[in-house]
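Undergrad: Here you go, one structure.
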Amino acid sequence: MLRYRQVVRLLQRRNFSAGATSNGSGSFGGDKSDEDLHPIRRTLRLLGNDMRKVKEFFVPKEPETEKAPIPTQSKFHFSGERDKSKESTLPDDFQTHCDVLIIGGGGVGSSIAYWLKEKARDGLNVVVVEKDDTYAQSATRVSVGGLCQQFSLPENIQMSLFAADFLRSARKHFGEEVPLQFTPHGHLMLAGEEHAESLKRSSQLQNELGARNELLTPDRLAARFPWLNTTGIALGCLGLEKEGWFNPLALLSNFRRSASGYGAHFISGQVVDFEYKSQMDISVVTDLGSNEGAYTGLEKAIIQLPDGTRRTCKFALCVISAGASSEQVARLARIGVGPGILQVPLPINARKRYMYAINSQAQSAPGMTMPMTIDPSGIFVRRDGLGGHYICVHDSTEEIHSATIDPQYFAQHIRPHLSNRIPVLGEAQVVDSWAGCYDHNVYDENGILGAHPYYNNLYLATGFSGHGAQQSLAVGRAISELIMDGQFRTIDLSRLSFDRLIVDQPMFELNNVLS
């Protein structure tokens, strides 16, 4: 006891804390409160100071820097929220582990990343791998940007309506830095006798689901659009609301910029293989009751970076949204080459699309209110700004899938049909031309999305057959709902799953609508 009192007197005479308070007479350490003198509290306080010093020793403070600006885009180079000085450093950019790995960073893949991060923010680590971050070979480059509800399947109509509602409030989601340039002049779909009845039924379904369009006879078409030749046309359908076209590259830019701002990681590289993990506690049983053995799941993706080095990324979930390359990526995961249910391939091929910018200064040429006109021959024509500029689009059936331009293609496959349907554009001059490929589902020309029936951590979002730009908004939302909620909530797209390939129930889309 005497020893304790002696220690207390010594402590009262010395100032151990830089934050000790004055007793009012200018001296420190005089009469202190009971809290300051209590040995247990003082001991805990000293231990706390020691622990802070240990933490500062092992985890030094980062130097204070100016707050980084809001992420912006510069021709598809995105900095996210990382320090720019670290952007070229591989360990800071490459994620060796992630919650969701998205293979393909085009419109669909970037949309999935956007919706996941928009909802989860820091709660989910999302990595997007894109082999062509300039998008020179992307399907977005050959997208006409169409937004149209004139489909025959309810799912496609609902996805387009969802996109229309989103684009109406795009500034709220994306801001005003990269405007989408939406032009609300509708679509005009033309049909001959053999497809007139189908067009009529589709129009009725579209209006029941919330779209607004009207059917026009040849006489009404000629009166409303004097530049249109109605020979061979039995019926036309004109979209009145929520239809038009937008800038698909601007939409992709906003997806990436926003997803990066929310913390998604975009990696320039190509998935060249997968690593697998056997799970002995799971067995694969077919519908016939036969046991195919233990389950082997996907665990890591091997990614080849632009400099040739290969790195692995371990993931909890993986999404294949690689556009025209989706079938090759699926084969790396043994889809189409494995045993049992893995024998069913992903039926995605590349389909070539030609696009031409033409110009006509004719006085009777279609004006600014011209809708995107869809001819039964497969030609798409729309106005492109001022100055008598137009865009013509046609999908080729040739087997060569390069981006090279056949110099005779326009004269052989487009100008004859263009001259017949819109005679005043028959002599229009070709100003520019480009070509590219998009993912084409050779099974039923509709998207394949949802969980793969074998792998419990693999999702598919591909094969949209020319509809990908306008459907990317709804598809990204749908895949994010499957991952985070375990089910579709906004639109039920379960009929578009991979399962329809196994049971051989195709979902044919009767109307040819491009985006």
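Naming scheme: A, B, ... for chains in displayed order of the structure tokens; residues 1 onward per chain; ligands 1 onward as shown.
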Extract, using only C-alpha atoms, all DNA, RNA and protein residues at most 7 Å from A:Gln270, discarding same-chain residues fewer than 6 positions from it, and format them as a ChimeraX atom specification.
TA: /A:129-131,303-305
Undergrad: Write out as number ranges by chain each polymer residue whose atoms come within 10 Å of A:Trp245, counting only C-alpha atoms; drop sequence neighbours fewer than 3 positions from it.
TA: A: 144-148, 180-187, 242, 248, 371-372, 382, 470, 515
Undergrad: Using only C-alpha atoms, which residues sit within 7 Å of stretch 310-327 of chain A once same-chain residues fewer than 6 positions away are excluded, as a ChimeraX atom specification?
TA: /A:95-104,108-109,299-304,346-350,438-439,457-463
Undergrad: By how many Å are atom CA of A:His265 and atom CA of A:Val127 apart?
TA: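 Atom CA of A:His265 sits 4.7 Å away from atom CA of A:Val127.
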Undergrad: Can you list every residue in stretch 340-453 of chain A that DSSP puts in strand (DSSP E), as a PyMOL selection string?
TA: chain A and resi 348-359+372-374+380-383+389-395+429-441+448-451
Undergrad: Could you state the separation of atom CA of A:Arg334 and atom CA of A:Asn456 in Å, given to one decimal place?
TA: 14.3 Å
Undergrad: Applying 9 Å and only C-alpha atoms, which residues near A:Ile112 remain after dropping the ones on its own chain fewer than 6 positions away? List them as a ChimeraX atom specification.
TA: /A:102,255,319,472-473,475-480
Undergrad: Looking at only C-alpha atoms, which of A:Glu177, A:Tyr295, A:Pro407, A:Ser497 is the one that sits closest to A:Leu449?
TA: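 The closest residue to A:Leu449 is A:Ser497.
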